[in-house]
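Participant: One file is attached below, work-v8.pdb, containing PDB, C-alpha atoms.
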ATOM      1  CA  GLY A 914      92.296 107.778 108.882  1.00  0.00           C
ATOM      2  CA  ALA A 915      93.294 104.212 108.384  1.00  0.00           C
ATOM      3  CA  GLY A 916      94.089 104.478 104.699  1.00  0.00           C
ATOM      4  CA  VAL A 917      95.255 106.893 102.023  1.00  0.00           C
ATOM      5  CA  SER A 918      92.507 109.392 101.333  1.00  0.00           C
ATOM      6  CA  GLN A 919      92.126 111.210  98.029  1.00  0.00           C
ATOM      7  CA  SER A 920      89.730 113.951  97.053  1.00  0.00           C
ATOM      8  CA  PRO A 921      87.729 114.568  95.052  1.00  0.00           C
ATOM      9  CA  SER A 922      86.911 111.030  93.932  1.00  0.00           C
ATOM     10  CA  ASN A 923      85.652 112.353  90.611  1.00  0.00           C
ATOM     11  CA  LYS A 924      86.343 115.622  88.837  1.00  0.00           C
ATOM     12  CA  VAL A 925      84.967 116.850  85.528  1.00  0.00           C
ATOM     13  CA  THR A 926      86.559 120.022  84.246  1.00  0.00           C
ATOM     14  CA  GLU A 927      86.572 122.054  81.088  1.00  0.00           C
ATOM     15  CA  LYS A 928      89.624 122.133  78.897  1.00  0.00           C
ATOM     16  CA  GLY A 929      91.899 124.986  79.899  1.00  0.00           C
ATOM     17  CA  LYS A 930      90.834 125.095  83.546  1.00  0.00           C
ATOM     18  CA  ASP A 931      93.170 124.398  86.453  1.00  0.00           C
ATOM     19  CA  VAL A 932      92.498 121.531  88.856  1.00  0.00           C
ATOM     20  CA  GLU A 933      93.852 120.556  92.267  1.00  0.00           C
ATOM     21  CA  LEU A 934      93.875 116.988  93.521  1.00  0.00           C
ATOM     22  CA  ARG A 935      94.467 116.222  97.162  1.00  0.00           C
ATOM     23  CA  CYS A 936      96.081 113.292  98.941  1.00  0.00           C
ATOM     24  CA  ASP A 937      96.111 112.532 102.667  1.00  0.00           C
ATOM     25  CA  PRO A 938      98.667 109.773 103.295  1.00  0.00           C
ATOM     26  CA  ILE A 939      98.577 107.281 106.122  1.00  0.00           C
ATOM     27  CA  SER A 940      99.702 108.991 109.304  1.00  0.00           C
ATOM     28  CA  GLY A 941     103.424 108.595 109.851  1.00  0.00           C
ATOM     29  CA  HIS A 942     104.215 107.551 106.298  1.00  0.00           C
ATOM     30  CA  THR A 943     107.188 109.554 105.107  1.00  0.00           C
ATOM     31  CA  ALA A 944     107.106 108.592 101.437  1.00  0.00           C
ATOM     32  CA  LEU A 945     104.330 109.801  99.136  1.00  0.00           C
ATOM     33  CA  TYR A 946     103.906 109.077  95.438  1.00  0.00           C
ATOM     34  CA  TRP A 947     101.629 110.233  92.639  1.00  0.00           C
ATOM     35  CA  TYR A 948     100.836 108.012  89.666  1.00  0.00           C
ATOM     36  CA  ARG A 949      98.282 108.236  86.918  1.00  0.00           C
ATOM     37  CA  GLN A 950      96.511 105.535  84.988  1.00  0.00           C
ATOM     38  CA  SER A 951      94.810 106.163  81.703  1.00  0.00           C
ATOM     39  CA  LEU A 952      91.974 103.884  80.594  1.00  0.00           C
ATOM     40  CA  GLY A 953      93.309 100.424  79.895  1.00  0.00           C
ATOM     41  CA  GLN A 954      96.883 101.481  80.549  1.00  0.00           C
ATOM     42  CA  GLY A 955      99.491 100.792  83.201  1.00  0.00           C
ATOM     43  CA  LEU A 956     100.514 103.070  86.037  1.00  0.00           C
ATOM     44  CA  GLU A 957     102.664 106.030  85.070  1.00  0.00           C
ATOM     45  CA  PHE A 958     104.930 107.524  87.745  1.00  0.00           C
ATOM     46  CA  LEU A 959     104.562 111.274  88.222  1.00  0.00           C
ATOM     47  CA  ILE A 960     106.351 112.476  91.363  1.00  0.00           C
ATOM     48  CA  TYR A 961     107.772 111.182  94.645  1.00  0.00           C
ATOM     49  CA  PHE A 962     108.264 112.871  98.016  1.00  0.00           C
ATOM     50  CA  GLN A 963     110.490 111.422 100.728  1.00  0.00           C
ATOM     51  CA  GLY A 964     110.666 113.281 104.021  1.00  0.00           C
ATOM     52  CA  ASN A 965     112.395 116.636 103.660  1.00  0.00           C
ATOM     53  CA  SER A 966     114.364 115.643 100.574  1.00  0.00           C
ATOM     54  CA  ALA A 967     113.869 117.359  97.244  1.00  0.00           C
ATOM     55  CA  PRO A 968     111.069 115.575  95.385  1.00  0.00           C
ATOM     56  CA  ASP A 969     111.739 113.340  92.394  1.00  0.00           C
ATOM     57  CA  LYS A 970     109.782 115.123  89.667  1.00  0.00           C
ATOM     58  CA  SER A 971     111.142 113.058  86.809  1.00  0.00           C
ATOM     59  CA  GLY A 972     107.738 111.671  85.827  1.00  0.00           C
ATOM     60  CA  LEU A 973     105.830 114.915  85.450  1.00  0.00           C
ATOM     61  CA  PRO A 974     104.750 115.020  81.791  1.00  0.00           C
ATOM     62  CA  SER A 975     104.904 118.793  81.330  1.00  0.00           C
ATOM     63  CA  ASP A 976     105.361 122.056  83.207  1.00  0.00           C
ATOM     64  CA  ARG A 977     101.586 122.266  83.548  1.00  0.00           C
ATOM     65  CA  PHE A 978     101.912 119.660  86.290  1.00  0.00           C
ATOM     66  CA  SER A 979     103.195 120.484  89.755  1.00  0.00           C
ATOM     67  CA  ALA A 980     102.876 119.037  93.224  1.00  0.00           C
ATOM     68  CA  GLU A 981     103.688 120.033  96.740  1.00  0.00           C
ATOM     69  CA  ARG A 982     103.631 118.375 100.094  1.00  0.00           C
ATOM     70  CA  THR A 983     103.069 120.603 103.077  1.00  0.00           C
ATOM     71  CA  GLY A 984     104.337 119.724 106.518  1.00  0.00           C
ATOM     72  CA  GLY A 985     105.429 116.319 105.345  1.00  0.00           C
ATOM     73  CA  SER A 986     101.851 115.118 105.194  1.00  0.00           C
ATOM     74  CA  VAL A 987      99.113 116.269 102.793  1.00  0.00           C
ATOM     75  CA  SER A 988     100.018 116.598  99.132  1.00  0.00           C
ATOM     76  CA  THR A 989      98.354 118.540  96.339  1.00  0.00           C
ATOM     77  CA  LEU A 990      98.815 117.782  92.644  1.00  0.00           C
ATOM     78  CA  THR A 991      97.969 120.754  90.443  1.00  0.00           C
ATOM     79  CA  ILE A 992      97.326 120.583  86.719  1.00  0.00           C
ATOM     80  CA  GLN A 993      97.165 123.927  84.962  1.00  0.00           C
ATOM     81  CA  ARG A 994      95.376 124.586  81.664  1.00  0.00           C
ATOM     82  CA  THR A 995      94.032 121.041  81.523  1.00  0.00           C
ATOM     83  CA  GLN A 996      93.983 119.182  78.221  1.00  0.00           C
ATOM     84  CA  GLN A 997      91.859 116.223  77.167  1.00  0.00           C
ATOM     85  CA  GLU A 998      94.893 113.927  77.308  1.00  0.00           C
ATOM     86  CA  ASP A 999      95.121 114.677  81.037  1.00  0.00           C
ATOM     87  CA  SER A1000      91.975 112.598  81.565  1.00  0.00           C
ATOM     88  CA  ALA A1001      92.970 109.660  83.750  1.00  0.00           C
ATOM     89  CA  VAL A1002      92.748 108.262  87.254  1.00  0.00           C
ATOM     90  CA  TYR A1003      95.290 109.980  89.486  1.00  0.00           C
ATOM     91  CA  LEU A1004      96.486 107.678  92.245  1.00  0.00           C
ATOM     92  CA  CYS A1005      98.358 108.621  95.382  1.00  0.00           C
ATOM     93  CA  ALA A1006     100.280 106.121  97.478  1.00  0.00           C
ATOM     94  CA  SER A1007     102.254 106.289 100.692  1.00  0.00           C
ATOM     95  CA  SER A1008     104.843 104.114 102.363  1.00  0.00           C
ATOM     96  CA  PRO A1009     106.232 103.985 105.921  1.00  0.00           C
ATOM     97  CA  THR A1010     109.705 104.929 104.701  1.00  0.00           C
ATOM     98  CA  GLY A1011     111.516 105.090 101.432  1.00  0.00           C
ATOM     99  CA  GLY A1012     112.972 101.763 102.432  1.00  0.00           C
ATOM    100  CA  ARG A1013     113.204  99.083  99.863  1.00  0.00           C
ATOM    101  CA  ASP A1014     111.193  96.408 101.589  1.00  0.00           C
ATOM    102  CA  TYR A1015     107.945  98.258 101.892  1.00  0.00           C
ATOM    103  CA  GLY A1016     105.173  98.122  99.386  1.00  0.00           C
ATOM    104  CA  TYR A1017     102.907 101.068  98.930  1.00  0.00           C
ATOM    105  CA  THR A1018      99.313 101.614  99.999  1.00  0.00           C
ATOM    106  CA  PHE A1019      97.235 103.357  97.375  1.00  0.00           C
ATOM    107  CA  GLY A1020      94.286 105.640  97.755  1.00  0.00           C
ATOM    108  CA  SER A1021      91.182 104.986  95.676  1.00  0.00           C
ATOM    109  CA  GLY A1022      92.171 107.710  93.227  1.00  0.00           C
ATOM    110  CA  THR A1023      90.693 110.781  91.604  1.00  0.00           C
ATOM    111  CA  ARG A1024      89.043 110.170  88.247  1.00  0.00           C
ATOM    112  CA  LEU A1025      89.694 113.292  86.182  1.00  0.00           C
ATOM    113  CA  THR A1026      87.713 113.922  83.021  1.00  0.00           C
ATOM    114  CA  VAL A1027      88.589 116.910  80.848  1.00  0.00           C
ATOM    115  CA  VAL A1028      85.811 117.865  78.455  1.00  0.00           C
TER
ATOM    116  CA  ARG B 609     112.421  98.314  75.919  1.00  0.00           C
ATOM    117  CA  LYS B 610     110.066  98.760  78.869  1.00  0.00           C
ATOM    118  CA  GLU B 611     111.614  98.643  82.327  1.00  0.00           C
ATOM    119  CA  VAL B 612     109.145  95.990  83.470  1.00  0.00           C
ATOM    120  CA  GLU B 613     107.532  93.667  80.950  1.00  0.00           C
ATOM    121  CA  GLN B 614     104.626  91.308  81.401  1.00  0.00           C
ATOM    122  CA  ASP B 615     102.459  89.213  79.131  1.00  0.00           C
ATOM    123  CA  PRO B 616      99.198  91.211  79.067  1.00  0.00           C
ATOM    124  CA  GLY B 617      97.056  88.100  78.651  1.00  0.00           C
ATOM    125  CA  PRO B 618      94.205  87.646  79.141  1.00  0.00           C
ATOM    126  CA  PHE B 619      94.613  84.306  80.797  1.00  0.00           C
ATOM    127  CA  ASN B 620      91.298  82.471  80.829  1.00  0.00           C
ATOM    128  CA  VAL B 621      91.384  79.471  83.154  1.00  0.00           C
ATOM    129  CA  PRO B 622      88.806  77.199  84.815  1.00  0.00           C
ATOM    130  CA  GLU B 623      88.321  77.150  88.556  1.00  0.00           C
ATOM    131  CA  GLY B 624      90.872  74.965  90.278  1.00  0.00           C
ATOM    132  CA  ALA B 625      93.537  75.470  87.629  1.00  0.00           C
ATOM    133  CA  THR B 626      97.113  76.442  88.325  1.00  0.00           C
ATOM    134  CA  VAL B 627      98.287  79.528  86.498  1.00  0.00           C
ATOM    135  CA  ALA B 628     101.708  81.177  86.278  1.00  0.00           C
ATOM    136  CA  PHE B 629     102.600  84.750  85.402  1.00  0.00           C
ATOM    137  CA  ASN B 630     106.034  85.893  84.369  1.00  0.00           C
ATOM    138  CA  CYS B 631     107.736  89.241  84.418  1.00  0.00           C
ATOM    139  CA  THR B 632     111.145  90.547  83.370  1.00  0.00           C
ATOM    140  CA  TYR B 633     112.866  93.751  84.409  1.00  0.00           C
ATOM    141  CA  SER B 634     115.660  95.652  82.751  1.00  0.00           C
ATOM    142  CA  ASN B 635     117.465  97.396  85.622  1.00  0.00           C
ATOM    143  CA  SER B 636     119.890  94.999  87.256  1.00  0.00           C
ATOM    144  CA  ALA B 637     120.247  97.415  90.198  1.00  0.00           C
ATOM    145  CA  SER B 638     116.618  96.884  91.190  1.00  0.00           C
ATOM    146  CA  GLN B 639     116.337  96.008  94.851  1.00  0.00           C
ATOM    147  CA  SER B 640     112.740  95.236  95.718  1.00  0.00           C
ATOM    148  CA  PHE B 641     110.041  93.332  93.935  1.00  0.00           C
ATOM    149  CA  PHE B 642     106.318  93.010  94.438  1.00  0.00           C
ATOM    150  CA  TRP B 643     103.153  91.618  92.951  1.00  0.00           C
ATOM    151  CA  TYR B 644     100.077  93.837  93.125  1.00  0.00           C
ATOM    152  CA  ARG B 645      96.515  92.972  92.272  1.00  0.00           C
ATOM    153  CA  GLN B 646      94.151  95.443  90.626  1.00  0.00           C
ATOM    154  CA  ASP B 647      90.441  94.840  90.296  1.00  0.00           C
ATOM    155  CA  CYS B 648      88.478  96.626  87.596  1.00  0.00           C
ATOM    156  CA  ARG B 649      88.228 100.376  88.307  1.00  0.00           C
ATOM    157  CA  LYS B 650      89.911  99.950  91.688  1.00  0.00           C
ATOM    158  CA  GLU B 651      93.301 100.932  93.046  1.00  0.00           C
ATOM    159  CA  PRO B 652      96.191  98.425  93.053  1.00  0.00           C
ATOM    160  CA  LYS B 653      96.619  96.465  96.265  1.00  0.00           C
ATOM    161  CA  LEU B 654      99.766  94.757  97.459  1.00  0.00           C
ATOM    162  CA  LEU B 655      99.517  90.999  97.007  1.00  0.00           C
ATOM    163  CA  MET B 656     102.972  89.995  98.152  1.00  0.00           C
ATOM    164  CA  SER B 657     106.608  90.953  98.175  1.00  0.00           C
ATOM    165  CA  VAL B 658     109.037  88.768  96.251  1.00  0.00           C
ATOM    166  CA  TYR B 659     112.277  87.489  97.752  1.00  0.00           C
ATOM    167  CA  SER B 660     115.235  85.719  96.211  1.00  0.00           C
ATOM    168  CA  SER B 661     114.568  82.673  98.354  1.00  0.00           C
ATOM    169  CA  GLY B 662     111.023  82.492  97.037  1.00  0.00           C
ATOM    170  CA  ASN B 663     108.011  82.979  99.227  1.00  0.00           C
ATOM    171  CA  GLU B 664     104.570  81.512  99.580  1.00  0.00           C
ATOM    172  CA  ASP B 665     101.301  82.887 100.902  1.00  0.00           C
ATOM    173  CA  GLY B 666      98.563  80.302 100.833  1.00  0.00           C
ATOM    174  CA  ARG B 667      97.816  79.484  97.203  1.00  0.00           C
ATOM    175  CA  PHE B 668     100.259  82.098  95.930  1.00  0.00           C
ATOM    176  CA  THR B 669     103.969  81.518  95.358  1.00  0.00           C
ATOM    177  CA  ALA B 670     106.395  84.174  94.155  1.00  0.00           C
ATOM    178  CA  GLN B 671     109.887  83.593  92.827  1.00  0.00           C
ATOM    179  CA  LEU B 672     112.747  85.910  91.906  1.00  0.00           C
ATOM    180  CA  ASN B 673     115.696  85.069  89.687  1.00  0.00           C
ATOM    181  CA  ARG B 674     118.142  87.972  89.905  1.00  0.00           C
ATOM    182  CA  ALA B 675     120.570  86.488  87.401  1.00  0.00           C
ATOM    183  CA  SER B 676     117.881  86.306  84.743  1.00  0.00           C
ATOM    184  CA  GLN B 677     116.046  89.429  86.015  1.00  0.00           C
ATOM    185  CA  TYR B 678     112.875  87.410  86.083  1.00  0.00           C
ATOM    186  CA  ILE B 679     109.952  87.302  88.523  1.00  0.00           C
ATOM    187  CA  SER B 680     107.101  84.841  88.635  1.00  0.00           C
ATOM    188  CA  LEU B 681     103.790  84.382  90.394  1.00  0.00           C
ATOM    189  CA  LEU B 682     102.082  81.010  90.679  1.00  0.00           C
ATOM    190  CA  ILE B 683      98.450  80.703  91.691  1.00  0.00           C
ATOM    191  CA  ARG B 684      97.262  77.248  92.651  1.00  0.00           C
ATOM    192  CA  ASP B 685      93.634  76.057  92.868  1.00  0.00           C
ATOM    193  CA  SER B 686      92.411  79.293  91.312  1.00  0.00           C
ATOM    194  CA  LYS B 687      89.130  80.780  92.515  1.00  0.00           C
ATOM    195  CA  LEU B 688      86.598  82.963  90.738  1.00  0.00           C
ATOM    196  CA  SER B 689      87.641  85.747  93.105  1.00  0.00           C
ATOM    197  CA  ASP B 690      91.190  85.612  91.745  1.00  0.00           C
ATOM    198  CA  SER B 691      89.965  87.275  88.539  1.00  0.00           C
ATOM    199  CA  ALA B 692      91.860  90.561  88.331  1.00  0.00           C
ATOM    200  CA  THR B 693      94.879  92.177  86.745  1.00  0.00           C
ATOM    201  CA  TYR B 694      98.201  91.205  88.322  1.00  0.00           C
ATOM    202  CA  LEU B 695     100.896  93.852  88.282  1.00  0.00           C
ATOM    203  CA  CYS B 696     104.598  93.100  88.485  1.00  0.00           C
ATOM    204  CA  VAL B 697     106.355  95.911  90.333  1.00  0.00           C
ATOM    205  CA  VAL B 698     110.043  96.699  90.697  1.00  0.00           C
ATOM    206  CA  LYS B 699     111.778  99.226  92.918  1.00  0.00           C
ATOM    207  CA  GLY B 700     115.234 100.672  92.427  1.00  0.00           C
ATOM    208  CA  ASN B 701     117.709 101.656  95.053  1.00  0.00           C
ATOM    209  CA  GLN B 702     116.463 102.384  98.526  1.00  0.00           C
ATOM    210  CA  GLY B 703     113.985 105.244  98.388  1.00  0.00           C
ATOM    211  CA  GLY B 704     113.370 104.900  94.683  1.00  0.00           C
ATOM    212  CA  LYS B 705     110.103 104.893  92.848  1.00  0.00           C
ATOM    213  CA  LEU B 706     108.082 101.816  91.983  1.00  0.00           C
ATOM    214  CA  ILE B 707     107.984 100.847  88.317  1.00  0.00           C
ATOM    215  CA  PHE B 708     104.853  98.985  87.275  1.00  0.00           C
ATOM    216  CA  GLY B 709     104.448  96.495  84.495  1.00  0.00           C
ATOM    217  CA  GLN B 710     101.410  96.806  82.271  1.00  0.00           C
ATOM    218  CA  GLY B 711      99.712  93.976  84.125  1.00  0.00           C
ATOM    219  CA  THR B 712      98.459  90.503  83.248  1.00  0.00           C
ATOM    220  CA  GLU B 713      94.725  89.990  83.153  1.00  0.00           C
ATOM    221  CA  LEU B 714      93.381  86.809  84.705  1.00  0.00           C
ATOM    222  CA  SER B 715      89.857  85.557  84.251  1.00  0.00           C
ATOM    223  CA  VAL B 716      88.812  82.478  86.214  1.00  0.00           C
ATOM    224  CA  LYS B 717      85.697  80.812  84.867  1.00  0.00           C
ATOM    225  CA  PRO B 718      83.335  78.380  86.623  1.00  0.00           C
TER
END
Mind turning the file's structure into structure tokens?

Facilitator:
Amino acid sequence: GAGVSQSPSNKVTEKGKDVELRCDPISGHTALYWYRQSLGQGLEFLIYFQGNSAPDKSGLPSDRFSAERTGGSVSTLTIQRTQQEDSAVYLCASSPTGGRDYGYTFGSGTRLTVV
Amino acid sequence: RKEVEQDPGPFNVPEGATVAFNCTYSNSASQSFFWYRQDCRKEPKLLMSVYSSGNEDGRFTAQLNRASQYISLLIRDSKLSDSATYLCVVKGNQGGKLIFGQGTELSVKP
């Protein structure tokens, strides 16, 4: 597609359940990022993939969070044993390279609600 | 201290006004700078990159002062459609992650 695609757009889950969020970056973009934004808050970096390099996981808030990127394209963010504080909009972005002059294109996000 | 700091506002201005947003960043090794716009309940969208020489895109002018680690955005002749949150964004060394400021809310009134 023309843009970054995320699914599902909305997810309501019960506390303690696992969830998987999916991101399809723009074709050919080598860099892929996950952020989350809680209500009324700024964007919080989670994880960054660049080509075949080891991902930068420095933003993952706990070991309940993990992400993978298969074949250098689609990425899945997994949250295990969800907690209410995990409720947020999870945003994925991609960039043509990891190069410094490129901004990122964001998907429309997955709104996660943990009840 | 936050890595990227912005005045959260809100800035309430009448149509046609000129408004300026400021941003400071803490990492002197930062290499790339951007302004993003985020509408309510929408994803951030790139407004413009920011260069040391300053750059202009229509009614929008961005400036970077590396010595002071300061970035600005000027909006001239503001429109109702400019109402949004403006995010100051800084990137580290090549390949690094983007660090977002908390955003400055702008409300343009008729």

Participant: Under the rule that only C-alpha atoms are counted, which of A:Thr1026, A:Thr1010, A:Thr926, A:Thr989 is the nearest residue to chain B?

Facilitator: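 For chain B, the nearest of the candidates is A:Thr1010.
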
Participant: Which residue out of A:Ala915, A:Leu945, A:Val925, A:Cys936 has the minimum interatomic distance to A:Pro1009 when only C-alpha atoms are used?

Facilitator: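 For A:Pro1009, the nearest of the given residues is A:Leu945.
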
Participant: Run the PyMOL selection byres ((chain A) within 8 of (chain B)) mentally over the shown coordinates, then write out the matched residues as a PyMOL selection string, using the chain letters and numbers from the document.

Facilitator: chain A and resi 946+954-958+961+963+1004+1010-1014+1016-1022

Participant: May I have the protein, DNA and RNA residues with an atom at most 8 Å from (114.2, 91.4, 85.2), counting all atoms listed in the file in the file's coordinates, returned as a PyMOL selection string?

Facilitator: chain B and resi 612+631-636+673-674+676-679

Participant: Run the PyMOL selection byres ((chain A and resi 919) around 12) on the file and write out the hits as a PyMOL selection string.

Facilitator: (chain A and resi 914+916-918+920-924+933-939+947+987-990+1002-1007+1019-1024) or (chain B and resi 651)

Participant: I need the residues from that last selection saved to file as an mmCIF file, keeping the file's coordinate frame (with C-alpha atoms), if you can.

Facilitator:
data_model
loop_
_atom_site.group_PDB
_atom_site.id
_atom_site.type_symbol
_atom_site.label_atom_id
_atom_site.label_comp_id
_atom_site.auth_asym_id
_atom_site.auth_seq_id
_atom_site.Cartn_x
_atom_site.Cartn_y
_atom_site.Cartn_z
ATOM 1 C CA GLY A 914 92.296 107.778 108.882
ATOM 2 C CA GLY A 916 94.089 104.478 104.699
ATOM 3 C CA VAL A 917 95.255 106.893 102.023
ATOM 4 C CA SER A 918 92.507 109.392 101.333
ATOM 5 C CA SER A 920 89.730 113.951 97.053
ATOM 6 C CA PRO A 921 87.729 114.568 95.052
ATOM 7 C CA SER A 922 86.911 111.030 93.932
ATOM 8 C CA ASN A 923 85.652 112.353 90.611
ATOM 9 C CA LYS A 924 86.343 115.622 88.837
ATOM 10 C CA GLU A 933 93.852 120.556 92.267
ATOM 11 C CA LEU A 934 93.875 116.988 93.521
ATOM 12 C CA ARG A 935 94.467 116.222 97.162
ATOM 13 C CA CYS A 936 96.081 113.292 98.941
ATOM 14 C CA ASP A 937 96.111 112.532 102.667
ATOM 15 C CA PRO A 938 98.667 109.773 103.295
ATOM 16 C CA ILE A 939 98.577 107.281 106.122
ATOM 17 C CA TRP A 947 101.629 110.233 92.639
ATOM 18 C CA VAL A 987 99.113 116.269 102.793
ATOM 19 C CA SER A 988 100.018 116.598 99.132
ATOM 20 C CA THR A 989 98.354 118.540 96.339
ATOM 21 C CA LEU A 990 98.815 117.782 92.644
ATOM 22 C CA VAL A 1002 92.748 108.262 87.254
ATOM 23 C CA TYR A 1003 95.290 109.980 89.486
ATOM 24 C CA LEU A 1004 96.486 107.678 92.245
ATOM 25 C CA CYS A 1005 98.358 108.621 95.382
ATOM 26 C CA ALA A 1006 100.280 106.121 97.478
ATOM 27 C CA SER A 1007 102.254 106.289 100.692
ATOM 28 C CA PHE A 1019 97.235 103.357 97.375
ATOM 29 C CA GLY A 1020 94.286 105.640 97.755
ATOM 30 C CA SER A 1021 91.182 104.986 95.676
ATOM 31 C CA GLY A 1022 92.171 107.710 93.227
ATOM 32 C CA THR A 1023 90.693 110.781 91.604
ATOM 33 C CA ARG A 1024 89.043 110.170 88.247
ATOM 34 C CA GLU B 651 93.301 100.932 93.046
#

Participant: Once the PyMOL selection byres ((chain B and resi 627) around 9) is applied to the coordinates I shared, what remains selected? I want it as number ranges by chain.

Facilitator: B: 619, 621, 625-626, 628-629, 681-686, 714

Participant: What's the separation between atom CA of A:Val1027 and atom CA of A:Glu981, in Å to one decimal place?

Facilitator: 22.1 Å

Participant: Interatomic distance between atom CA of A:Gly941 and atom CA of A:Gly984?

Facilitator: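 Computing it gives 11.7 Å between the two atoms.
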
Participant: In Å, with one decimal, what is the gap from atom CA of B:Glu664 to atom CA of A:His942?

Facilitator: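 Computing it gives 26.9 Å between the two atoms.
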
Participant: Determine, counting all atoms listed in the file, which protein, DNA and RNA residues have an atom within 6 Å of an atom of stretch 689-694 of chain B; residues of the same chain fewer than 3 positions away are not included. Present the result as an NGL selection string.

Facilitator: :B and (644-647 or 711-716)

Participant: Store the residues picked out above, limited to C-alpha atoms, as a PDB file, in the coordinates of the input.

Facilitator:
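Dumped to again-v8.pdb:
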ATOM      1  CA  TYR B 644     100.077  93.837  93.125  1.00  0.00           C
ATOM      2  CA  ARG B 645      96.515  92.972  92.272  1.00  0.00           C
ATOM      3  CA  GLN B 646      94.151  95.443  90.626  1.00  0.00           C
ATOM      4  CA  ASP B 647      90.441  94.840  90.296  1.00  0.00           C
ATOM      5  CA  GLY B 711      99.712  93.976  84.125  1.00  0.00           C
ATOM      6  CA  THR B 712      98.459  90.503  83.248  1.00  0.00           C
ATOM      7  CA  GLU B 713      94.725  89.990  83.153  1.00  0.00           C
ATOM      8  CA  LEU B 714      93.381  86.809  84.705  1.00  0.00           C
ATOM      9  CA  SER B 715      89.857  85.557  84.251  1.00  0.00           C
ATOM     10  CA  VAL B 716      88.812  82.478  86.214  1.00  0.00           C
TER      11      VAL B 716
END

Participant: Calculated over all atoms listed in the file, which of the candidates A:Ser975, A:Thr943, A:Thr983, A:Asn965 has the smallest distance to A:Glu998?

Facilitator: A:Ser975

Participant: May I ask which of the residues A:Val932, A:Ile960, A:Ile992, A:Ala1001 is the closest one to A:Ala944, counting only C-alpha atoms?

Facilitator: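 Using only C-alpha atoms, A:Ala944 sits closest to A:Ile960.
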
Participant: Please determine, counting all atoms listed in the file, which residue among A:Val1028, A:Gly964, A:Gln993, A:Gly953 has the shortest atom-to-atom distance to A:Arg977.

Facilitator: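 Checking each candidate against A:Arg977, we get A:Gln993 as the closest.
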